[in-house]
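The file data-v6.cif comes next; it holds mmCIF, C-alpha atoms.
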data_coords
#
loop_
_atom_site.label_atom_id
_atom_site.label_comp_id
_atom_site.auth_asym_id
_atom_site.auth_seq_id
_atom_site.Cartn_x
_atom_site.Cartn_y
_atom_site.Cartn_z
CA MET A 222 -15.53 -3.32 -8.55
CA TYR A 223 -12.99 -0.58 -9.05
CA PHE A 224 -10.04 1.26 -7.57
CA GLN A 225 -9.35 4.91 -8.29
CA HIS A 226 -8.04 8.22 -6.96
CA ALA A 227 -10.40 11.18 -6.70
CA PRO A 228 -9.76 14.17 -8.98
CA GLU A 229 -8.78 16.24 -5.93
CA ILE A 230 -5.86 13.90 -5.25
CA TRP A 231 -4.51 14.15 -8.79
CA ALA A 232 -4.92 17.93 -8.71
CA GLU A 233 -3.14 18.30 -5.37
CA TYR A 234 -0.40 15.75 -6.13
CA PRO A 235 0.24 15.85 -9.89
CA GLU A 236 3.53 14.00 -9.34
CA LEU A 237 1.64 10.90 -8.10
CA VAL A 238 2.19 7.63 -9.94
CA ALA A 239 -0.01 4.73 -8.85
CA GLY A 240 -0.16 1.08 -9.79
CA ALA A 241 -2.83 -1.47 -8.93
CA ALA A 242 -3.13 -5.24 -9.34
CA PHE A 243 -6.02 -7.61 -8.68
CA ILE A 244 -5.42 -11.33 -8.22
CA THR A 245 -7.61 -14.32 -7.39
CA GLY A 246 -6.75 -17.75 -6.05
CA ILE A 247 -4.67 -16.57 -3.12
CA GLY A 248 -3.95 -19.17 -0.44
CA ALA A 249 -2.11 -19.11 2.86
CA GLY A 250 -0.05 -22.25 2.30
CA ALA A 251 2.46 -20.97 -0.24
CA ASP A 252 6.20 -20.98 0.44
CA VAL A 253 7.68 -17.58 -0.45
CA GLU A 254 10.80 -17.63 1.74
CA ALA A 255 13.32 -17.67 -1.11
CA ARG A 256 11.47 -14.87 -2.89
CA VAL A 257 11.30 -12.78 0.26
CA ALA A 258 15.02 -13.26 0.88
CA LYS A 259 15.82 -11.97 -2.62
CA PHE A 260 14.07 -8.67 -1.94
CA TYR A 261 15.49 -8.43 1.58
CA ALA A 262 18.96 -8.52 0.00
CA VAL A 263 18.11 -5.53 -2.19
CA ALA A 264 16.87 -3.59 0.84
CA GLU A 265 19.99 -4.46 2.83
CA GLU A 266 22.20 -3.18 0.02
CA ARG A 267 20.29 0.10 -0.16
CA LEU A 268 20.36 0.60 3.60
CA ALA A 269 24.09 -0.10 3.67
CA ALA A 270 24.58 2.84 1.32
CA GLY A 271 22.62 5.31 3.46
CA PRO A 272 19.66 5.78 5.81
CA GLU A 273 16.11 5.29 4.58
CA SER A 274 15.31 8.90 5.46
CA GLU A 275 17.56 9.95 2.56
CA PHE A 276 15.92 7.69 -0.01
CA PRO A 277 14.14 9.85 -2.63
CA GLU A 278 11.05 7.66 -2.35
CA ILE A 279 10.81 8.34 1.40
CA ARG A 280 11.69 12.01 1.17
CA ALA A 281 8.84 12.53 -1.30
CA TRP A 282 6.32 10.92 1.04
CA ARG A 283 7.63 12.99 3.94
CA ARG A 284 6.99 16.13 1.90
CA ALA A 285 3.47 14.90 1.11
CA PHE A 286 2.75 14.18 4.77
CA ALA A 287 3.97 17.65 5.74
CA LYS A 288 1.73 19.09 3.02
CA MET A 289 -1.20 17.21 4.59
CA GLY A 290 -0.40 18.84 7.93
CA LEU A 291 1.11 15.69 9.45
CA LYS A 292 4.45 15.56 11.25
CA PRO A 293 6.52 13.26 8.99
CA THR A 294 8.49 11.76 11.87
CA GLN A 295 5.28 10.95 13.77
CA TYR A 296 3.27 9.59 10.86
CA ARG A 297 5.34 7.67 8.34
CA CYS A 298 4.42 6.10 5.05
CA ALA A 299 4.20 2.30 5.22
CA SER A 300 7.46 1.68 3.35
CA GLU A 301 9.44 3.93 5.69
CA ALA A 302 7.98 2.16 8.72
CA LEU A 303 8.94 -1.21 7.23
CA LEU A 304 12.44 -0.05 6.38
CA ARG A 305 13.00 1.29 9.90
CA ARG A 306 11.91 -2.00 11.44
CA PHE A 307 13.93 -4.05 8.97
CA LYS A 308 17.04 -1.95 9.66
CA ARG A 309 16.71 -2.70 13.39
CA GLU A 310 15.81 -6.38 13.18
CA ARG A 311 17.00 -7.46 9.70
CA GLU A 312 13.72 -9.31 9.53
CA LEU A 313 9.97 -8.69 9.39
CA PRO A 314 7.23 -10.71 11.11
CA ARG A 315 5.69 -13.41 8.94
CA ILE A 316 1.98 -12.67 8.56
CA HIS A 317 0.69 -14.34 5.38
CA PRO A 318 2.66 -15.40 2.26
CA LEU A 319 1.13 -12.63 0.16
CA ILE A 320 1.75 -9.96 2.80
CA ASP A 321 5.27 -11.24 3.41
CA LEU A 322 6.04 -10.99 -0.31
CA CYS A 323 4.45 -7.55 -0.72
CA ASN A 324 6.31 -6.25 2.33
CA ALA A 325 9.60 -7.54 0.94
CA ILE A 326 8.95 -5.90 -2.44
CA SER A 327 8.01 -2.68 -0.65
CA LEU A 328 11.35 -2.79 1.19
CA ALA A 329 13.30 -3.31 -2.01
CA TYR A 330 11.59 -0.45 -3.85
CA ALA A 331 11.03 1.79 -0.76
CA ILE A 332 7.49 2.36 -2.09
CA PRO A 333 4.32 1.73 -0.03
CA VAL A 334 2.47 -1.40 -1.13
CA ALA A 335 -1.03 -2.05 0.24
CA ALA A 336 -2.77 -5.44 0.03
CA ILE A 337 -6.54 -5.38 0.56
CA ASP A 338 -9.00 -8.26 0.90
CA VAL A 339 -11.66 -7.19 -1.62
CA ALA A 340 -14.31 -9.37 0.07
CA GLU A 341 -14.43 -6.67 2.75
CA VAL A 342 -14.77 -3.76 0.29
CA ALA A 343 -18.21 -2.48 -0.68
CA GLY A 344 -18.58 -1.57 -4.35
CA GLY A 345 -15.23 0.01 -5.00
CA LEU A 346 -12.36 1.83 -3.39
CA GLU A 347 -11.40 5.47 -3.85
CA VAL A 348 -8.45 7.41 -2.48
CA ARG A 349 -10.03 10.72 -1.50
CA PRO A 350 -10.28 13.37 1.22
CA ALA A 351 -12.33 12.11 4.15
CA ARG A 352 -15.71 13.62 5.00
CA GLY A 353 -15.15 12.73 8.65
CA ASP A 354 -18.03 10.27 9.01
CA GLU A 355 -16.19 7.26 7.58
CA GLU A 356 -15.65 4.27 9.87
CA TYR A 357 -12.14 2.91 10.24
CA LEU A 358 -11.64 -0.39 12.09
CA THR A 359 -8.29 -0.67 13.87
CA PHE A 360 -6.45 -3.98 14.23
CA GLY A 361 -7.44 -3.79 17.89
CA GLY A 362 -11.12 -3.76 17.01
CA GLU A 363 -11.80 -0.09 17.74
CA ILE A 364 -13.75 2.23 15.44
CA GLU A 365 -12.12 5.54 14.49
CA HIS A 366 -13.35 8.40 12.34
CA PRO A 367 -10.81 10.12 10.07
CA VAL A 368 -10.38 13.86 10.34
CA PRO A 369 -12.26 15.73 7.57
CA GLY A 370 -9.88 16.29 4.68
CA GLU A 371 -7.55 13.45 5.69
CA VAL A 372 -6.67 11.24 2.72
CA VAL A 373 -8.30 7.81 3.07
CA PHE A 374 -9.06 4.70 1.05
CA ALA A 375 -12.87 4.73 1.24
CA ASP A 376 -15.45 2.29 -0.12
CA GLU A 377 -19.04 2.95 -1.17
CA ALA A 378 -20.34 2.04 2.30
CA GLY A 379 -18.29 4.84 3.87
CA ARG A 380 -15.72 2.53 5.42
CA ALA A 381 -12.10 3.69 5.47
CA HIS A 382 -9.64 0.93 4.57
CA ALA A 383 -6.56 3.11 5.11
CA ARG A 384 -5.91 6.30 7.07
CA ARG A 385 -3.47 9.13 6.38
CA TRP A 386 -3.09 7.83 2.83
CA THR A 387 -0.18 5.37 3.05
CA ASN A 388 0.26 5.46 6.81
CA ARG A 389 -2.03 2.77 8.23
CA GLN A 390 -4.35 0.13 6.77
CA SER A 391 -7.56 -1.08 8.38
CA GLY A 392 -8.01 -4.35 10.20
CA ARG A 393 -11.30 -4.82 8.36
CA SER A 394 -9.77 -5.66 5.00
CA ALA A 395 -6.45 -7.10 6.16
CA VAL A 396 -5.35 -10.20 4.29
CA ARG A 397 -5.92 -13.32 6.40
CA GLY A 398 -5.97 -17.09 6.03
CA THR A 399 -9.42 -17.10 4.40
CA THR A 400 -8.59 -14.38 1.86
CA GLY A 401 -8.94 -15.46 -1.76
CA GLU A 402 -8.95 -12.24 -3.79
CA VAL A 403 -6.69 -9.27 -3.23
CA LEU A 404 -6.22 -5.73 -4.52
CA ILE A 405 -2.61 -4.56 -4.36
CA VAL A 406 -1.83 -0.84 -4.61
CA ALA A 407 1.55 0.89 -4.94
CA GLU A 408 1.90 4.69 -4.90
CA ALA A 409 4.92 6.97 -5.26
CA LEU A 410 5.66 10.68 -5.60
CA HIS A 411 9.43 10.87 -6.19
CA GLY A 412 11.18 12.03 -9.34
CA THR A 413 11.65 8.61 -10.96
CA ALA A 414 8.27 7.23 -9.91
CA ALA A 415 7.08 7.10 -13.52
CA GLY A 416 9.59 4.32 -14.12
CA ASP A 417 9.76 2.78 -10.66
CA VAL A 418 6.05 2.14 -10.08
CA PRO A 419 5.53 0.24 -13.37
CA ALA A 420 8.68 -1.78 -12.58
CA LEU A 421 7.36 -2.59 -9.10
CA LEU A 422 3.96 -3.52 -10.54
CA GLU A 423 5.60 -5.82 -13.08
CA THR A 424 7.60 -7.43 -10.28
CA VAL A 425 4.50 -7.95 -8.15
CA ALA A 426 2.58 -9.49 -11.06
CA ALA A 427 5.43 -11.82 -11.97
CA GLU A 428 5.96 -12.98 -8.40
CA LEU A 429 2.25 -13.56 -7.77
CA ALA A 430 1.85 -15.51 -11.01
CA GLU A 431 4.73 -17.78 -9.98
CA VAL A 432 3.23 -18.55 -6.57
CA TRP A 433 -0.55 -18.62 -7.09
CA PRO A 434 -2.70 -19.83 -10.00
CA GLY A 435 -4.52 -16.59 -10.78
CA THR A 436 -3.41 -14.19 -13.52
CA PRO A 437 -3.09 -10.67 -12.09
CA VAL A 438 -5.00 -7.79 -13.70
CA THR A 439 -2.81 -4.69 -13.51
CA ALA A 440 -2.90 -1.01 -14.41
CA VAL A 441 -0.70 2.04 -14.01
CA LEU A 442 -3.06 4.87 -13.08
CA SER A 443 -2.91 8.56 -13.96
CA ALA A 444 -5.14 11.61 -13.88
CA ALA A 445 -6.12 10.84 -17.47
CA ASP A 446 -6.76 7.15 -16.78
CA PRO A 447 -7.42 6.94 -13.03
CA ARG A 448 -9.43 3.73 -12.65
CA LEU A 449 -8.81 -0.02 -12.50
CA GLU A 450 -11.96 -2.11 -12.88
CA PHE A 451 -11.97 -5.77 -11.86
CA ALA A 452 -14.50 -8.55 -11.28
CA PRO A 453 -14.21 -10.57 -8.08
CA ALA A 454 -15.67 -14.06 -8.08
CA GLN A 455 -17.51 -13.17 -4.87
CA PRO A 456 -18.84 -9.59 -5.33
#

Here is the file; what I need is its structure written in the form of structure tokens.
Amino acid sequence: MYFQHAPEIWAEYPELVAGAAFITGIGAGADVEARVAKFYAVAEERLAAGPESEFPEIRAWRRAFAKMGLKPTQYRCASEALLRRFKRERELPRIHPLIDLCNAISLAYAIPVAAIDVAEVAGGLEVRPARGDEEYLTFGGEIEHPVPGEVVFADEAGRAHARRWTNRQSGRSAVRGTTGEVLIVAEALHGTAAGDVPALLETVAAELAEVWPGTPVTAVLSAADPRLEFAPAQP
């Protein structure tokens, strides 16, 4: 299997820095509360210094959404949505230990972090402009079709696993109690992304290795080296 960005994405967004990690042996019984709290504290400190809308990581995604023709205050990148909820509630819902940890890391870095159950992905996953015939399964069980040209995470079967790039993941490949193998993706467009994304990826890998038995396979992706290949136990 593989994860990559299409050439059109690198051409349109040359400032993009992406990181990806694949890990096996995930289970739903892990205790990550202390780890989550550590990253919550970082997010709280950042939010105390100023609103998330002024974070360079968020401002860069807002510019990208506007460039895609989306109203940035209507469609927000995943990290901005998490930060807004965390600012209101000082907490996030507990979903699954891996998701809880990834969400907390996303808060701390203000960078979108996607976690995808690779058992639900056909062949590979590419971030690319939609054709318009892809099928996207909502968490409510409804089927949507992305607008042609919309940036999606698409697999070889034409299923969209995320819409509007970093705005909304699909219910089809959401991490759940039976998930064993996960692809984690972090993407950023701000000025210091070249340092921040590798740091986030290193943090993710270290945290996962401490909690679960698998050794993460990681890569920082670029236009020159855009692809992470990995081998799930259950292709």

Mind telling me what the PyMOL selection byres ((chain A and resi 294) around 12) catches here, as a list of chain:residue names? A:Ser274, A:Ile279, A:Arg280, A:Trp282, A:Arg283, A:Arg284, A:Phe286, A:Ala287, A:Leu291, A:Lys292, A:Pro293, A:Gln295, A:Tyr296, A:Arg297, A:Cys298, A:Glu301, A:Ala302, A:Arg305, A:Asn388

Skipping near chain neighbours, those fewer than 5 positions away, what residues fall within 8 Å of Thr400 in chain A using only C-alpha atoms, listed as number ranges by chain? A: 247-248, 338, 340

I'd like to see the residues matched by the PyMOL selection byres ((chain A and resi 319) around 10) on this file, and ideally I'd get them as a VMD selection string. chain A and resid 247 to 253 315 to 318 320 to 325 336 396 to 397 403 405 428 to 429 432 to 433

Evaluating the PyMOL selection byres ((chain A and resi 443) around 12) on the displayed file yields which residues, as a PyMOL selection string? chain A and resi 225-228+230-232+234-241+408-409+414-415+418-419+440-442+444-449

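Interatomic distance, CA of Glu266 in chain A against CA of Gly416 in chain A: 20.4 Å.
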
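Taking all atoms listed in the file into account, Thr399 in chain A lies nearest to A:Glu341 out of the set A:Glu371, A:Asp376, A:Glu356, A:Glu341.
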
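CA of Ala395 in chain A lies 15.9 Å from CA of Gly345 in chain A.
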
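Taking CA of Thr387 in chain A and CA of Val334 in chain A as endpoints, the distance between them is 8.4 Å.
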
With all atoms listed in the file as the counted atoms, please give the residues lying no more than 12 Å from Glu233 in chain A, apart from itself and same-chain residues fewer than 6 positions off, as an mmCIF file with C-alpha atoms, in the coordinates of the input.
data_model
loop_
_atom_site.group_PDB
_atom_site.id
_atom_site.type_symbol
_atom_site.label_atom_id
_atom_site.label_comp_id
_atom_site.auth_asym_id
_atom_site.auth_seq_id
_atom_site.Cartn_x
_atom_site.Cartn_y
_atom_site.Cartn_z
ATOM 1 C CA HIS A 226 -8.040 8.220 -6.960
ATOM 2 C CA ALA A 227 -10.400 11.180 -6.700
ATOM 3 C CA ALA A 285 3.470 14.900 1.110
ATOM 4 C CA LYS A 288 1.730 19.090 3.020
ATOM 5 C CA MET A 289 -1.200 17.210 4.590
ATOM 6 C CA ARG A 349 -10.030 10.720 -1.500
ATOM 7 C CA PRO A 350 -10.280 13.370 1.220
ATOM 8 C CA VAL A 372 -6.670 11.240 2.720
ATOM 9 C CA LEU A 410 5.660 10.680 -5.600
ATOM 10 C CA ALA A 444 -5.140 11.610 -13.880
#

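The closest residue to Leu303 in chain A, picked from A:Leu328, A:Ala264, A:Ala454, A:Glu273 and counting all atoms listed in the file, is A:Leu328.
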
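Each of A:Val425, A:Ala430, A:Ala242, A:Ile337 was checked against Ser391 in chain A using all atoms listed in the file; the smallest atom-to-atom distance is that of A:Ile337.
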